[in-house]
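Next comes coords-v9.cif, a file with mmCIF, C-alpha atoms.
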```
data_start
#
loop_
_atom_site.label_atom_id
_atom_site.label_comp_id
_atom_site.auth_asym_id
_atom_site.auth_seq_id
_atom_site.Cartn_x
_atom_site.Cartn_y
_atom_site.Cartn_z
CA MET A 1 50.30 16.48 -153.39
CA ASN A 2 51.06 16.58 -149.70
CA LYS A 3 49.02 14.55 -147.21
CA VAL A 4 48.71 13.65 -143.56
CA THR A 5 50.01 10.27 -142.40
CA ILE A 6 48.21 9.33 -139.19
CA PHE A 7 50.54 7.15 -137.11
CA CYS A 8 48.37 4.95 -134.87
CA ASP A 9 50.42 3.25 -132.17
CA GLY A 10 49.97 2.03 -128.60
CA GLY A 11 46.91 0.18 -127.35
CA LEU A 12 43.46 0.24 -128.93
CA GLY A 13 42.17 3.30 -127.07
CA ASN A 14 45.30 5.31 -127.83
CA ARG A 15 45.15 4.31 -131.50
CA LEU A 16 41.54 5.38 -131.79
CA GLY A 17 42.51 8.71 -130.22
CA VAL A 18 45.28 9.22 -132.77
CA LEU A 19 43.01 8.15 -135.61
CA ILE A 20 40.08 10.44 -134.76
CA GLY A 21 42.32 13.41 -133.97
CA GLY A 22 44.32 12.83 -137.13
CA ILE A 23 41.29 12.62 -139.41
CA ILE A 24 39.84 15.84 -137.94
CA THR A 25 43.23 17.54 -138.32
CA ALA A 26 43.54 16.47 -141.96
CA LYS A 27 40.07 17.87 -142.68
CA LYS A 28 40.92 21.17 -141.00
CA LEU A 29 44.03 21.40 -143.18
CA ASN A 30 42.08 20.38 -146.32
CA LEU A 31 44.45 17.48 -146.87
CA ASP A 32 43.93 13.84 -147.75
CA TYR A 33 45.23 11.29 -145.28
CA GLU A 34 46.56 7.76 -145.02
CA ILE A 35 46.60 5.55 -141.96
CA CYS A 36 49.76 3.95 -140.59
CA TRP A 37 48.77 1.13 -138.22
CA PRO A 38 51.68 -1.21 -137.37
CA ALA A 39 50.77 -4.52 -135.74
CA ASN A 40 53.10 -4.88 -132.76
CA SER A 41 53.21 -5.93 -129.11
CA TRP A 42 50.93 -3.05 -128.11
CA CYS A 43 48.22 -4.02 -130.58
CA GLY A 44 48.67 -7.19 -132.59
CA CYS A 45 45.80 -6.72 -135.02
CA ASP A 46 45.70 -4.85 -138.31
CA PHE A 47 43.40 -1.91 -138.98
CA VAL A 48 41.38 -4.00 -141.44
CA ASP A 49 40.69 -6.56 -138.69
CA LEU A 50 38.52 -3.90 -137.05
CA PHE A 51 37.28 -1.61 -139.83
CA ASP A 52 36.38 -1.63 -143.51
CA THR A 53 38.01 1.20 -145.42
CA ASN A 54 38.94 2.48 -148.85
CA LYS A 55 41.78 4.55 -147.40
CA ASN A 56 45.41 3.67 -147.91
CA ILE A 57 46.70 1.64 -144.94
CA ILE A 58 50.41 1.20 -144.31
CA ASN A 59 52.12 -0.68 -141.47
CA LYS A 60 55.49 1.03 -141.04
CA ASN A 61 56.89 1.06 -137.53
CA ILE A 62 57.99 4.30 -135.88
CA ASN A 63 61.64 3.91 -136.89
CA GLU A 64 60.63 3.45 -140.51
CA LEU A 65 58.27 6.43 -140.56
CA PHE A 66 60.15 8.96 -138.41
CA LEU A 67 63.23 9.48 -140.57
CA GLU A 68 65.98 11.81 -139.38
CA ASP A 69 66.71 13.33 -142.78
CA SER A 70 63.06 13.70 -143.70
CA ASP A 71 61.49 16.98 -144.76
CA ASP A 72 58.16 15.82 -143.33
CA VAL A 73 56.49 17.96 -140.69
CA PHE A 74 56.02 16.04 -137.43
CA LEU A 75 52.88 17.05 -135.55
CA ILE A 76 53.50 14.80 -132.55
CA HIS A 77 53.09 14.70 -128.77
CA GLU A 78 56.50 13.07 -128.26
CA ASN A 79 59.50 12.01 -130.30
CA GLN A 80 59.87 8.37 -129.28
CA THR A 81 62.85 7.75 -131.54
CA LYS A 82 66.53 8.56 -131.16
CA TYR A 83 66.44 10.64 -134.33
CA LYS A 84 66.76 14.42 -134.43
CA LEU A 85 63.77 15.43 -136.51
CA LYS A 86 64.01 18.68 -138.44
CA LYS A 87 60.46 19.98 -138.15
CA ILE A 88 58.57 19.15 -134.96
CA TYR A 89 55.41 20.95 -133.88
CA SER A 90 53.24 20.52 -130.82
CA HIS A 91 49.49 20.41 -131.41
CA SER A 92 47.62 23.69 -130.98
CA LEU A 93 45.10 25.80 -132.83
CA GLN A 94 47.94 28.18 -133.68
CA THR A 95 49.93 25.31 -135.20
CA LEU A 96 46.97 24.33 -137.37
CA GLU A 97 46.77 27.86 -138.73
CA LEU A 98 50.51 27.79 -139.43
CA LEU A 99 50.29 24.48 -141.28
CA LYS A 100 47.38 25.42 -143.52
CA ASN A 101 49.79 26.52 -146.20
CA CYS A 102 52.36 23.80 -145.55
CA GLU A 103 53.64 22.05 -148.68
CA ASN A 104 55.28 19.18 -146.83
CA ASN A 105 53.79 15.87 -145.84
CA ILE A 106 52.64 15.82 -142.23
CA ILE A 107 53.18 12.95 -139.79
CA TYR A 108 50.45 13.08 -137.13
CA TYR A 109 50.93 11.24 -133.81
CA HIS A 110 48.86 12.38 -130.81
CA ASN A 111 47.55 9.61 -128.60
CA GLN A 112 44.69 11.71 -127.28
CA ILE A 113 42.16 13.79 -129.17
CA PRO A 114 42.94 17.51 -128.69
CA LYS A 115 40.57 18.99 -126.11
CA TYR A 116 39.64 21.88 -128.40
CA TYR A 117 38.01 19.60 -130.97
CA ASP A 118 34.22 19.69 -130.66
CA LYS A 119 32.35 16.64 -129.47
CA SER A 120 30.25 16.74 -132.64
CA GLU A 121 33.45 16.53 -134.74
CA ILE A 122 34.61 13.53 -132.74
CA ILE A 123 31.29 11.68 -132.95
CA ASN A 124 30.82 12.40 -136.66
CA THR A 125 34.34 11.17 -137.40
CA LEU A 126 33.87 8.07 -135.29
CA SER A 127 30.62 7.29 -137.09
CA SER A 128 32.45 7.45 -140.43
CA LEU A 129 34.57 4.43 -139.45
CA LYS A 130 32.78 1.31 -140.66
CA ILE A 131 33.21 -1.44 -138.09
CA LYS A 132 33.63 -4.97 -139.45
CA LYS A 133 30.32 -6.80 -139.73
CA ASN A 134 31.46 -9.84 -137.73
CA ILE A 135 32.19 -7.51 -134.82
CA THR A 136 28.90 -5.60 -134.90
CA ASP A 137 26.99 -8.87 -135.38
CA GLU A 138 28.52 -10.24 -132.18
CA VAL A 139 27.76 -7.02 -130.29
CA LYS A 140 24.14 -7.07 -131.49
CA LYS A 141 23.69 -10.75 -130.62
CA PHE A 142 25.11 -10.43 -127.12
CA SER A 143 23.27 -7.16 -126.42
CA LYS A 144 19.94 -8.62 -127.42
CA GLU A 145 20.40 -11.88 -125.48
CA HIS A 146 21.29 -10.06 -122.26
CA ASP A 147 19.08 -6.94 -122.48
CA ILE A 148 22.29 -4.96 -122.31
CA VAL A 149 20.69 -1.49 -122.44
CA ASN A 150 19.19 -2.11 -119.01
CA ARG A 151 22.48 -3.09 -117.42
CA ILE A 152 25.15 -0.99 -115.73
CA GLY A 153 28.48 -1.44 -117.49
CA VAL A 154 31.71 -1.59 -115.47
CA HIS A 155 35.21 -1.75 -116.93
CA ILE A 156 37.90 -3.09 -114.58
CA ARG A 157 41.40 -2.37 -115.86
CA LYS A 158 44.15 -4.53 -114.33
CA THR A 159 47.23 -4.40 -116.55
CA ASP A 160 48.60 -0.85 -116.64
CA PHE A 161 49.60 2.16 -114.58
CA LEU A 162 46.16 3.67 -113.99
CA PRO A 163 45.05 3.80 -110.35
CA LYS A 164 43.66 0.33 -109.90
CA VAL A 165 40.00 0.13 -109.03
CA ASP A 166 39.28 -1.90 -105.91
CA ASP A 167 37.40 -4.77 -107.49
CA LYS A 168 36.69 -6.30 -104.07
CA ILE A 169 34.63 -3.25 -103.15
CA ILE A 170 32.91 -3.31 -106.55
CA PHE A 171 32.21 -7.04 -106.13
CA ASP A 172 30.49 -6.50 -102.78
CA GLU A 173 28.48 -3.56 -104.10
CA ILE A 174 27.26 -5.54 -107.10
CA ARG A 175 26.49 -8.63 -105.01
CA ASN A 176 24.25 -6.53 -102.77
CA SER A 177 22.61 -4.61 -105.61
CA ASN A 178 19.24 -5.17 -107.25
CA ASN A 179 20.61 -3.84 -110.56
CA LEU A 180 21.88 -5.85 -113.49
CA PHE A 181 25.50 -5.46 -114.62
CA PHE A 182 27.86 -6.08 -117.51
CA ILE A 183 31.49 -6.50 -116.44
CA CYS A 184 34.49 -6.40 -118.76
CA SER A 185 38.15 -6.64 -117.86
CA ASP A 186 41.54 -7.32 -119.43
CA ASP A 187 42.10 -9.95 -116.74
CA SER A 188 40.53 -13.41 -117.04
CA GLU A 189 40.46 -14.15 -113.29
CA THR A 190 38.59 -10.90 -112.60
CA GLU A 191 35.94 -11.73 -115.18
CA LYS A 192 35.67 -15.29 -113.91
CA ASN A 193 35.16 -14.05 -110.36
CA PHE A 194 32.40 -11.58 -111.28
CA SER A 195 30.66 -14.09 -113.53
CA ASN A 196 29.71 -16.05 -110.39
CA LEU A 197 27.26 -13.29 -109.45
CA LEU A 198 23.71 -13.91 -110.66
CA ASN A 199 23.15 -10.27 -111.69
CA VAL A 200 26.34 -10.11 -113.82
CA VAL A 201 27.05 -11.07 -117.41
CA ILE A 202 30.41 -11.04 -119.16
CA HIS A 203 31.25 -11.54 -122.80
CA ASN A 204 33.34 -14.70 -122.81
CA LYS A 205 36.75 -14.14 -124.35
CA LYS A 206 39.42 -16.63 -125.37
CA ASN A 207 42.30 -14.15 -125.43
CA TYR A 208 43.60 -11.59 -122.96
CA ALA A 209 46.56 -9.26 -122.68
CA GLU A 210 49.80 -11.01 -121.76
CA LYS A 211 53.09 -9.88 -120.30
CA LEU A 212 55.83 -9.10 -122.80
CA ASN A 213 58.27 -10.30 -120.14
CA PRO A 214 56.43 -13.02 -118.18
CA SER A 215 58.88 -12.95 -115.25
CA THR A 216 58.14 -9.34 -114.19
CA SER A 217 55.10 -7.26 -113.20
CA TRP A 218 52.71 -5.42 -115.52
CA ASN A 219 54.43 -2.09 -114.85
CA ASP A 220 58.10 -3.01 -114.91
CA LYS A 221 60.26 -1.28 -117.48
CA THR A 222 60.36 -3.09 -120.81
CA VAL A 223 61.91 -2.44 -124.21
CA ASP A 224 59.48 -2.92 -127.08
CA TYR A 225 60.30 -4.22 -130.54
CA GLU A 226 61.24 -0.70 -131.68
CA GLY A 227 63.76 -0.19 -128.87
CA ARG A 228 61.50 2.15 -126.88
CA GLU A 229 61.54 1.93 -123.08
CA PHE A 230 58.20 2.06 -121.25
CA TYR A 231 56.75 1.01 -117.93
CA PHE A 232 54.19 -1.16 -119.72
CA ASN A 233 54.94 -4.87 -119.76
CA ILE A 234 52.23 -5.68 -122.28
CA LYS A 235 51.64 -7.88 -125.29
CA ARG A 236 48.27 -8.12 -127.03
CA ASN A 237 47.68 -10.55 -129.86
CA SER A 238 45.24 -9.91 -132.68
CA GLU A 239 42.32 -11.85 -131.21
CA SER A 240 42.67 -10.20 -127.79
CA VAL A 241 42.37 -6.76 -129.40
CA ILE A 242 39.34 -7.77 -131.46
CA GLU A 243 37.64 -9.25 -128.40
CA ALA A 244 38.48 -6.12 -126.39
CA PHE A 245 36.90 -3.99 -129.13
CA ILE A 246 33.74 -6.10 -128.88
CA ASP A 247 33.77 -5.50 -125.11
CA MET A 248 34.15 -1.76 -125.68
CA LEU A 249 31.16 -1.68 -128.01
CA ILE A 250 29.00 -3.78 -125.68
CA LEU A 251 30.00 -1.47 -122.82
CA SER A 252 28.87 1.48 -124.94
CA ARG A 253 25.33 0.01 -125.02
CA THR A 254 25.09 -0.04 -121.20
CA LYS A 255 24.61 2.61 -118.55
CA ILE A 256 28.35 3.17 -118.22
CA TYR A 257 29.87 3.46 -114.76
CA ASN A 258 32.76 5.91 -115.25
CA ASN A 259 35.34 4.77 -112.72
CA THR A 260 38.65 5.53 -114.50
CA MET A 261 40.17 7.90 -117.05
CA SER A 262 41.24 5.09 -119.39
CA THR A 263 41.07 5.62 -123.15
CA PHE A 264 39.11 2.37 -123.37
CA LEU A 265 36.36 3.88 -121.24
CA THR A 266 36.63 7.19 -123.09
CA PHE A 267 35.83 5.51 -126.39
CA ALA A 268 33.05 3.40 -124.90
CA ASN A 269 31.49 6.74 -123.94
CA HIS A 270 32.06 8.14 -127.44
CA TYR A 271 30.50 5.07 -129.03
CA SER A 272 27.49 5.40 -126.73
CA ASN A 273 26.45 8.32 -128.95
CA LEU A 274 26.12 6.02 -131.97
CA ASN A 275 23.40 3.45 -132.49
CA LEU A 276 25.66 0.93 -134.29
CA GLY A 277 22.54 -0.50 -135.87
CA ILE A 278 21.51 -2.02 -132.53
#
```
Is it possible to give me this structure as C-alpha cells?
Amino acid sequence: MNKVTIFCDGGLGNRLGVLIGGIITAKKLNLDYEICWPANSWCGCDFVDLFDTNKNIINKNINELFLEDSDDVFLIHENQTKYKLKKIYSHSLQTLELLKNCENNIIYYHNQIPKYYDKSEIINTLSSLKIKKNITDEVKKFSKEHDIVNRIGVHIRKTDFLPKVDDKIIFDEIRNSNNLFFICSDDSETEKNFSNLLNVVIHNKKNYAEKLNPSTSWNDKTVDYEGREFYFNIKRNSESVIEAFIDMLILSRTKIYNNTMSTFLTFANHYSNLNLGI
C-alpha cells in the first residue's frame, strides 16, 4: 500500500515544520506515513533523540531518497538535487485533491507548514509527538526553579541570514527594566553577556552551533555533505540540537517576545499552546 515519506531536513525548526505539515498531509490523504530524518551537518541528532515513536524512522539522505528513475510523487517546495524527477507537485489544496486517489508513494518535503492548515490541526499534531522524558524533565526542573512563567522570553539568533536583532539595544532595555527575563541564543558569548544581568536567567548549554567552514563567516556559501550549495555555514552536533530543543520548550513557557520570523520562535509559540505536563 502506498504511503507518505516525510523528509525532514535542515535545522530543527525547519524539520518540525516538515514533520507537522507532512503528518497533516498524510491524514488528509488517508495514508500512513514514515519519517525520514537524516542526521547531518544541519541537525546532527536522530529523531529518537528528541521523540518517542512507534512510527518507522529511516535516515536516508536526499540523494538516496530523491531518485531520478523513481515513480514516487514528489510533493516538495524545491528540488535540491541534480536529478530530473518525473512527478513533482507544489503544495496546494488543489494538489491535495488531485493526490487523494494517487496510487504512488509520496515524498513530502516542505520546510514550512502550509498557511491553509488550521492552527488546531497544527497544535493537535504537535501534541501527538511524545517528547523524550529526559528533555521534558529538564524543562520542568528549570522552569520551576526560575519561575519561568513570569518571565519574558527573548530568542537572539546570531548564526544565519535573518535580520540580526540588535542585542546591544535589547541588553540596555533589559538592564533598565523591572521585568524578569529568560534569554536563549545559539551564540555562547551572547548568552554569557546577558547572564551578567541580575534580572536574566539562561539555560546553561555545553554545545552550540559551529561553522562548517571555520575560516569563513556564518553566511558564506558552503557545500554540504550532499553536494548542495547554501549560504549557511552551519554545523550542529547532536547535543547542540537537543539543548536547543530544551531552550525552545523553556521559551514556550515564558511570555514570548516575538522579535524575528525564525522557525525556532514559530515553534516556541506553537508549543506555548501545550502544557507539556508543566
**OP:** Report the residues retrieved by the PyMOL selection byres ((chain A and resi 139) around 9) from the displayed file, expressed as JSON, numbers by chain.
**Re:** {"A": [134, 135, 136, 137, 138, 140, 141, 142, 143, 144, 246, 247, 249, 250, 278]}
Return as JSON lines the residues of stretch 144-176 of chain A lying at most 12 Å from stretch 201-215 of chain A, together with the closest atom-to-atom pair for each and the distance in Å to one decimal, counting all atoms listed in the file, with rows in chain order and ascending residue number.
```
{"residue": "A:Glu145", "atom": "CA", "partner": "A:Val201", "partner_atom": "CA", "distance": 10.5}
{"residue": "A:His146", "atom": "CA", "partner": "A:Val201", "partner_atom": "CA", "distance": 7.6}
{"residue": "A:Asp147", "atom": "CA", "partner": "A:Val201", "partner_atom": "CA", "distance": 10.3}
{"residue": "A:Ile148", "atom": "CA", "partner": "A:Val201", "partner_atom": "CA", "distance": 9.2}
{"residue": "A:Arg151", "atom": "CA", "partner": "A:Val201", "partner_atom": "CA", "distance": 9.2}
{"residue": "A:Ile152", "atom": "CA", "partner": "A:Val201", "partner_atom": "CA", "distance": 10.4}
{"residue": "A:Gly153", "atom": "CA", "partner": "A:Val201", "partner_atom": "CA", "distance": 9.7}
{"residue": "A:Val154", "atom": "CA", "partner": "A:Ile202", "partner_atom": "CA", "distance": 10.2}
{"residue": "A:His155", "atom": "CA", "partner": "A:Ile202", "partner_atom": "CA", "distance": 10.7}
{"residue": "A:Ile156", "atom": "CA", "partner": "A:Ile202", "partner_atom": "CA", "distance": 11.8}
{"residue": "A:Arg157", "atom": "CA", "partner": "A:Ala209", "partner_atom": "CA", "distance": 11.0}
{"residue": "A:Lys158", "atom": "CA", "partner": "A:Ala209", "partner_atom": "CA", "distance": 9.9}
{"residue": "A:Thr159", "atom": "CA", "partner": "A:Ala209", "partner_atom": "CA", "distance": 7.9}
{"residue": "A:Asp160", "atom": "CA", "partner": "A:Ala209", "partner_atom": "CA", "distance": 10.6}
{"residue": "A:Ile174", "atom": "CA", "partner": "A:Val201", "partner_atom": "CA", "distance": 11.7}
```
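If all atoms listed in the file are the atoms counted, then among A:Thr190, A:Arg15, A:Thr95, A:Asn199 the closest residue to A:Glu173 is A:Asn199.
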Original post:
Between atom CA of A:Ile131 and atom CA of A:Leu276, what is the distance, to one decimal in Å?
Top reply: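 Distance between the two atoms: 8.8 Å.
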When the PyMOL selection byres ((chain A and resi 262-268) around 6) is applied to the structure above, which residues does it catch, written out as a PDB file with C-alpha atoms, in the coordinates of the input?
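Contents of the output file expr-v9.pdb:
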```pdb
ATOM      1  CA  GLY A  13      42.170   3.300-127.070  1.00  0.00           C
ATOM      2  CA  MET A 248      34.150  -1.760-125.680  1.00  0.00           C
ATOM      3  CA  SER A 252      28.870   1.480-124.940  1.00  0.00           C
ATOM      4  CA  THR A 260      38.650   5.530-114.500  1.00  0.00           C
ATOM      5  CA  MET A 261      40.170   7.900-117.050  1.00  0.00           C
ATOM      6  CA  ASN A 269      31.490   6.740-123.940  1.00  0.00           C
ATOM      7  CA  HIS A 270      32.060   8.140-127.440  1.00  0.00           C
ATOM      8  CA  TYR A 271      30.500   5.070-129.030  1.00  0.00           C
TER       9      TYR A 271
END
```
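With atom CA of A:Met1 on one side and atom CA of A:Ile20 on the other, the separation reads 22.1 Å.
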Subject >> Selection: 7 Å around stretch 32-34 of chain A, all atoms listed in the file, excl. self and same-chain fewer than 3 positions, as a list in words >> reply: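 In the requested form, the answer reads Lys3, Val4, Thr5, Ile6, Ala26, Lys55, Asn56 and Ile57 of chain A.
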Original post:
Residues picked by the PyMOL selection byres ((chain A and resi 64) around 12) here, as a PyMOL selection string?
Top reply: chain A and resi 7+36+38+58-63+65-70+81+83+226
**OP:** Would you work out the distance separating atom CA of A:Ile256 from atom CA of A:Ile170, expressed in Å to one decimal?
**Re:**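 The value is 14.1 Å.
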Subject >> Residue nearest A:Cys43 - candidates A:Leu197, A:Leu12, A:Ile123, A:Leu19, atoms counted: all atoms listed in the file >> reply: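 Result for the nearest residue to A:Cys43: A:Leu12.
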Original post:
Which of these, A:Asn14, A:Ser272, A:Ser177, A:Asn219, has the shortest distance to A:Ser127 once you count all atoms listed in the file?
Top reply: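 When distances to A:Ser127 are compared using all atoms listed in the file, the smallest one comes from A:Ser272.
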**OP:** Take the point (58.9, 19.2, -140.6) in the file's coordinates, draw a sphere of radius 9 Å around it, and report as an MDAnalysis selection string every protein, DNA or RNA residue with an atom inside or on it, counting only C-alpha atoms.
**Re:** chainID A and resid 70:75 85:89 104:107
**OP:** May I ask which of the residues A:Phe194, A:Tyr225, A:Tyr257, A:Tyr231 is the closest one to A:Ala39, counting all atoms listed in the file?
**Re:**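 When distances to A:Ala39 are compared using all atoms listed in the file, the smallest one comes from A:Tyr225.
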